[in-house]
Amino acid sequence: MKVFIGSAEQVAKEAAKRYVELLNKKPNAVLGYATGSTPLGLYSELIRLNQAGAFSYKEATTFNLDEYVGLDGSHDQSYRYFMNENLFNHVDIDKSRTFVPSGLDTSAETAAAYDEAIEKAGGIDIQLLGIGNNGHIGFNEPGTPFSSKTHMVELTQNTREVNSRFFKSIDEVPTHAVTMGVKTVMNAKSIILIALGKAKAPIIRETIMGEVTPEVPASVLQLHPFVEIYLDEEAASLL
Ligand code: PGA
């Protein structure tokens, strides 16, 4: 694992460089994207660089990690909506090649088709990850088998509480989500994990220095050959 530590702004700029390098070398790259507060700085930087002509998304394909069950893409808390608002609407991407798991069709067949679509596209070149305070990656909560592919999950109470800041009340936070599995994530050719803020420091320590265990889903990244972890000083403070 390579670890980069800097300010939140440096993290966004440094991580964005990986995308510029990749897309200039391989314009039809396949990107795994993530939602949440963490990637917002990176997405702003990618928008700036894309609009400045530093790289193009025209031939790229994207697959997002997860989506809430029950939310249509037009719902302002859906992850499809988040991606459109925070990245896709502002860059030269062909939206028909941007994929987010369906929050409405939760069948096992549709979940399996998501993994197949990733494989058919050639596999993910860079998978972007945030991390939950409990170590989740995507919505793979503690205890998720490392062999899991895209599947529906029940969100933990902790995750629903943490995410309730985006909803009017906790009752409105969906109880389930569809997420890429741990194996889907590990199949990516390279992985960028970003963590910002003091609240993430304990789980970052466990992820990097602790035991590899499904109880800390992100610890599986120790087994991946190409992982870069970008941290601000606070998230890195217990290393
Ligand atoms: P955050 O979420 O970026 O909003 O902290 C990360 C996650 O839960 O994976």
# chains A, B, ... in the order shown; residues from 1 in each chain; ligands from 1
>>> residues_near_ligand(ligand="ligand 1", cutoff="12 Å", atoms="only C-alpha atoms and all ligand atoms", output="MDAnalysis selection string")
chainID A and resid 33:42 65:67 79 82 128:141 155:156 158:166 179 193:201 203 217:218 235
>>> residues_around(residues="Gln51 of chain A", least_positions_apart="2", cutoff="12 Å", atoms="only C-alpha atoms", output="PyMOL selection string")
chain A and resi 44-49+53-57+87-93
>>> write_last_selection(atoms="C-alpha atoms", output="mmCIF file, in the first residue's frame")
data_model
loop_
_atom_site.group_PDB
_atom_site.id
_atom_site.type_symbol
_atom_site.label_atom_id
_atom_site.label_comp_id
_atom_site.auth_asym_id
_atom_site.auth_seq_id
_atom_site.Cartn_x
_atom_site.Cartn_y
_atom_site.Cartn_z
ATOM 1 C CA SER A 44 -14.237 19.402 -8.199
ATOM 2 C CA GLU A 45 -10.623 19.069 -9.240
ATOM 3 C CA LEU A 46 -11.511 16.585 -12.003
ATOM 4 C CA ILE A 47 -14.201 18.972 -13.276
ATOM 5 C CA ARG A 48 -11.684 21.821 -13.326
ATOM 6 C CA LEU A 49 -9.058 19.769 -15.159
ATOM 7 C CA GLY A 53 -8.712 20.325 -21.418
ATOM 8 C CA ALA A 54 -6.179 18.355 -19.349
ATOM 9 C CA PHE A 55 -8.013 15.114 -20.220
ATOM 10 C CA SER A 56 -11.243 13.838 -21.735
ATOM 11 C CA TYR A 57 -13.913 11.471 -20.439
ATOM 12 C CA LEU A 87 -19.375 15.208 -11.661
ATOM 13 C CA PHE A 88 -21.126 13.943 -14.777
ATOM 14 C CA ASN A 89 -23.161 17.095 -15.593
ATOM 15 C CA HIS A 90 -19.971 19.166 -15.667
ATOM 16 C CA VAL A 91 -17.612 17.033 -17.771
ATOM 17 C CA ASP A 92 -17.491 15.680 -21.347
ATOM 18 C CA ILE A 93 -18.624 12.176 -20.382
#
>>> closest_residue(among="A:Ala121, A:Met180, A:Ile126, A:Ile208", to="Arg18 of chain A", atoms="only C-alpha atoms")
A:Ile126
>>> residues_around(residues="Glu116 of chain A", least_positions_apart="6", cutoff="12 Å", atoms="only C-alpha atoms", output="compact mmCIF listing (two decimals) with all heavy atoms, in the first residue's frame")
# COMPACT_ATOMS: atom_id res chain seq x y z
N PHE A 63 -18.47 2.94 -13.39
CA PHE A 63 -19.38 2.10 -12.60
C PHE A 63 -19.32 2.60 -11.16
O PHE A 63 -18.24 2.64 -10.56
CB PHE A 63 -18.93 0.63 -12.63
CG PHE A 63 -19.14 -0.04 -13.94
CD1 PHE A 63 -18.14 -0.04 -14.91
CD2 PHE A 63 -20.35 -0.66 -14.23
CE1 PHE A 63 -18.33 -0.66 -16.15
CE2 PHE A 63 -20.55 -1.28 -15.46
CZ PHE A 63 -19.54 -1.27 -16.42
N GLU A 109 -30.39 -11.48 -10.30
CA GLU A 109 -29.99 -11.48 -11.72
C GLU A 109 -29.42 -10.11 -12.10
O GLU A 109 -28.40 -10.01 -12.78
CB GLU A 109 -31.19 -11.78 -12.64
CG GLU A 109 -31.74 -13.19 -12.57
CD GLU A 109 -32.56 -13.44 -11.30
OE1 GLU A 109 -33.08 -12.46 -10.71
OE2 GLU A 109 -32.65 -14.61 -10.89
N THR A 110 -30.09 -9.06 -11.66
CA THR A 110 -29.63 -7.72 -12.01
C THR A 110 -28.31 -7.40 -11.32
O THR A 110 -27.43 -6.77 -11.89
CB THR A 110 -30.73 -6.68 -11.65
OG1 THR A 110 -31.87 -7.01 -12.42
CG2 THR A 110 -30.31 -5.26 -11.95
N GLY A 122 -14.10 -4.69 -19.57
CA GLY A 122 -12.65 -4.88 -19.47
C GLY A 122 -12.13 -4.80 -18.05
O GLY A 122 -10.93 -4.85 -17.82
N GLY A 123 -13.03 -4.64 -17.09
CA GLY A 123 -12.60 -4.55 -15.68
C GLY A 123 -12.29 -3.10 -15.32
O GLY A 123 -12.01 -2.27 -16.20
N ILE A 124 -12.33 -2.83 -14.03
CA ILE A 124 -12.13 -1.45 -13.56
C ILE A 124 -10.63 -1.13 -13.46
O ILE A 124 -9.87 -1.88 -12.85
CB ILE A 124 -12.85 -1.26 -12.20
CG1 ILE A 124 -14.37 -1.29 -12.45
CG2 ILE A 124 -12.42 0.03 -11.52
CD1 ILE A 124 -15.21 -1.33 -11.18
N LYS A 149 -19.90 -10.65 -4.39
CA LYS A 149 -20.03 -9.82 -5.59
C LYS A 149 -21.19 -8.84 -5.35
O LYS A 149 -21.69 -8.76 -4.23
CB LYS A 149 -20.31 -10.72 -6.81
CG LYS A 149 -19.30 -11.84 -7.01
CD LYS A 149 -17.96 -11.38 -7.52
CE LYS A 149 -17.76 -11.27 -8.99
NZ LYS A 149 -17.77 -12.34 -9.89
N THR A 150 -21.61 -8.14 -6.39
CA THR A 150 -22.68 -7.14 -6.22
C THR A 150 -23.92 -7.80 -5.60
O THR A 150 -24.35 -8.87 -6.03
CB THR A 150 -23.01 -6.50 -7.58
OG1 THR A 150 -21.83 -5.86 -8.06
CG2 THR A 150 -24.13 -5.47 -7.45
N MET A 180 -21.57 -3.02 -4.90
CA MET A 180 -20.54 -3.93 -5.39
C MET A 180 -20.07 -4.75 -4.18
O MET A 180 -20.03 -4.22 -3.06
CB MET A 180 -19.31 -3.15 -5.87
CG MET A 180 -19.41 -2.51 -7.21
SD MET A 180 -17.74 -1.82 -7.59
CE MET A 180 -18.17 -0.74 -8.95
N THR A 184 -15.83 -7.75 -5.97
CA THR A 184 -15.95 -6.83 -7.12
C THR A 184 -14.91 -5.72 -6.98
O THR A 184 -14.22 -5.38 -7.95
CB THR A 184 -17.36 -6.19 -7.14
OG1 THR A 184 -18.35 -7.18 -6.89
CG2 THR A 184 -17.63 -5.51 -8.47
>>> closest_residue(among="A:Gln10, A:Ser237, A:Ser102, A:Thr207", to="Leu223 of chain A", atoms="only C-alpha atoms")
A:Thr207
>>> select_by_dssp(residues="segment 34-155 of chain A", states="alpha helix (DSSP H)", output="PDB file with C-alpha atoms, in the first residue's frame")
ATOM      1  CA  LEU A  40     -16.202  15.941  -3.454  1.00  0.00           C
ATOM      2  CA  GLY A  41     -12.815  17.703  -3.510  1.00  0.00           C
ATOM      3  CA  LEU A  42     -11.475  15.206  -6.031  1.00  0.00           C
ATOM      4  CA  TYR A  43     -14.557  15.588  -8.229  1.00  0.00           C
ATOM      5  CA  SER A  44     -14.237  19.402  -8.199  1.00  0.00           C
ATOM      6  CA  GLU A  45     -10.623  19.069  -9.240  1.00  0.00           C
ATOM      7  CA  LEU A  46     -11.511  16.585 -12.003  1.00  0.00           C
ATOM      8  CA  ILE A  47     -14.201  18.972 -13.276  1.00  0.00           C
ATOM      9  CA  ARG A  48     -11.684  21.821 -13.326  1.00  0.00           C
ATOM     10  CA  LEU A  49      -9.058  19.769 -15.159  1.00  0.00           C
ATOM     11  CA  ASN A  50     -11.584  18.316 -17.609  1.00  0.00           C
ATOM     12  CA  GLN A  51     -12.940  21.780 -18.451  1.00  0.00           C
ATOM     13  CA  TYR A  79     -26.318   8.190  -5.755  1.00  0.00           C
ATOM     14  CA  ARG A  80     -27.169   8.518  -9.459  1.00  0.00           C
ATOM     15  CA  TYR A  81     -28.364  12.049  -8.732  1.00  0.00           C
ATOM     16  CA  PHE A  82     -25.224  12.734  -6.664  1.00  0.00           C
ATOM     17  CA  MET A  83     -22.945  11.646  -9.521  1.00  0.00           C
ATOM     18  CA  ASN A  84     -24.812  13.726 -12.099  1.00  0.00           C
ATOM     19  CA  GLU A  85     -24.756  16.806  -9.848  1.00  0.00           C
ATOM     20  CA  ASN A  86     -21.193  16.495  -8.584  1.00  0.00           C
ATOM     21  CA  ALA A 108     -29.998 -11.332  -7.892  1.00  0.00           C
ATOM     22  CA  GLU A 109     -29.992 -11.483 -11.721  1.00  0.00           C
ATOM     23  CA  THR A 110     -29.630  -7.715 -12.009  1.00  0.00           C
ATOM     24  CA  ALA A 111     -26.886  -7.695  -9.387  1.00  0.00           C
ATOM     25  CA  ALA A 112     -25.004 -10.422 -11.270  1.00  0.00           C
ATOM     26  CA  ALA A 113     -25.484  -8.476 -14.511  1.00  0.00           C
ATOM     27  CA  TYR A 114     -23.688  -5.500 -12.902  1.00  0.00           C
ATOM     28  CA  ASP A 115     -20.578  -7.605 -12.270  1.00  0.00           C
ATOM     29  CA  GLU A 116     -20.837  -9.037 -15.796  1.00  0.00           C
ATOM     30  CA  ALA A 117     -21.066  -5.540 -17.286  1.00  0.00           C
ATOM     31  CA  ILE A 118     -17.889  -4.539 -15.428  1.00  0.00           C
ATOM     32  CA  GLU A 119     -16.075  -7.609 -16.748  1.00  0.00           C
ATOM     33  CA  LYS A 120     -17.380  -7.060 -20.285  1.00  0.00           C
TER      34      LYS A 120
END
>>> closest_residue(among="A:Leu238, A:Ala16, A:Val185, A:Val100", to="Ile204 of chain A", atoms="only C-alpha atoms")
A:Leu238
>>> select_by_dssp(residues="segment 4-201 of chain A", states="strand (DSSP E)", output="ChimeraX atom specification")
/A:4-6,30-33,61-64,66-68,98-99,126-129,151-154,176-179,190-195
>>> atom_distance(atom1="atom CA of Ala8 of chain A", atom2="atom CA of Ser169 of chain A")
28.9 Å
>>> atom_distance(atom1="atom CA of Gly181 of chain A", atom2="atom CA of Phe146 of chain A")
7.8 Å
>>> residues_around(residues="Glu59 of chain A", least_positions_apart="6", cutoff="10 Å", atoms="only C-alpha atoms", output="PyMOL selection string")
chain A and resi 23+26-30+92-94+97
>>> atom_distance(atom1="atom CA of Tyr68 of chain A", atom2="atom CA of Thr175 of chain A")
8.2 Å
>>> closest_residue(among="A:Leu31, A:Ile192, A:Leu71, A:Val173", to="Phe99 of chain A", atoms="only C-alpha atoms")
A:Leu31
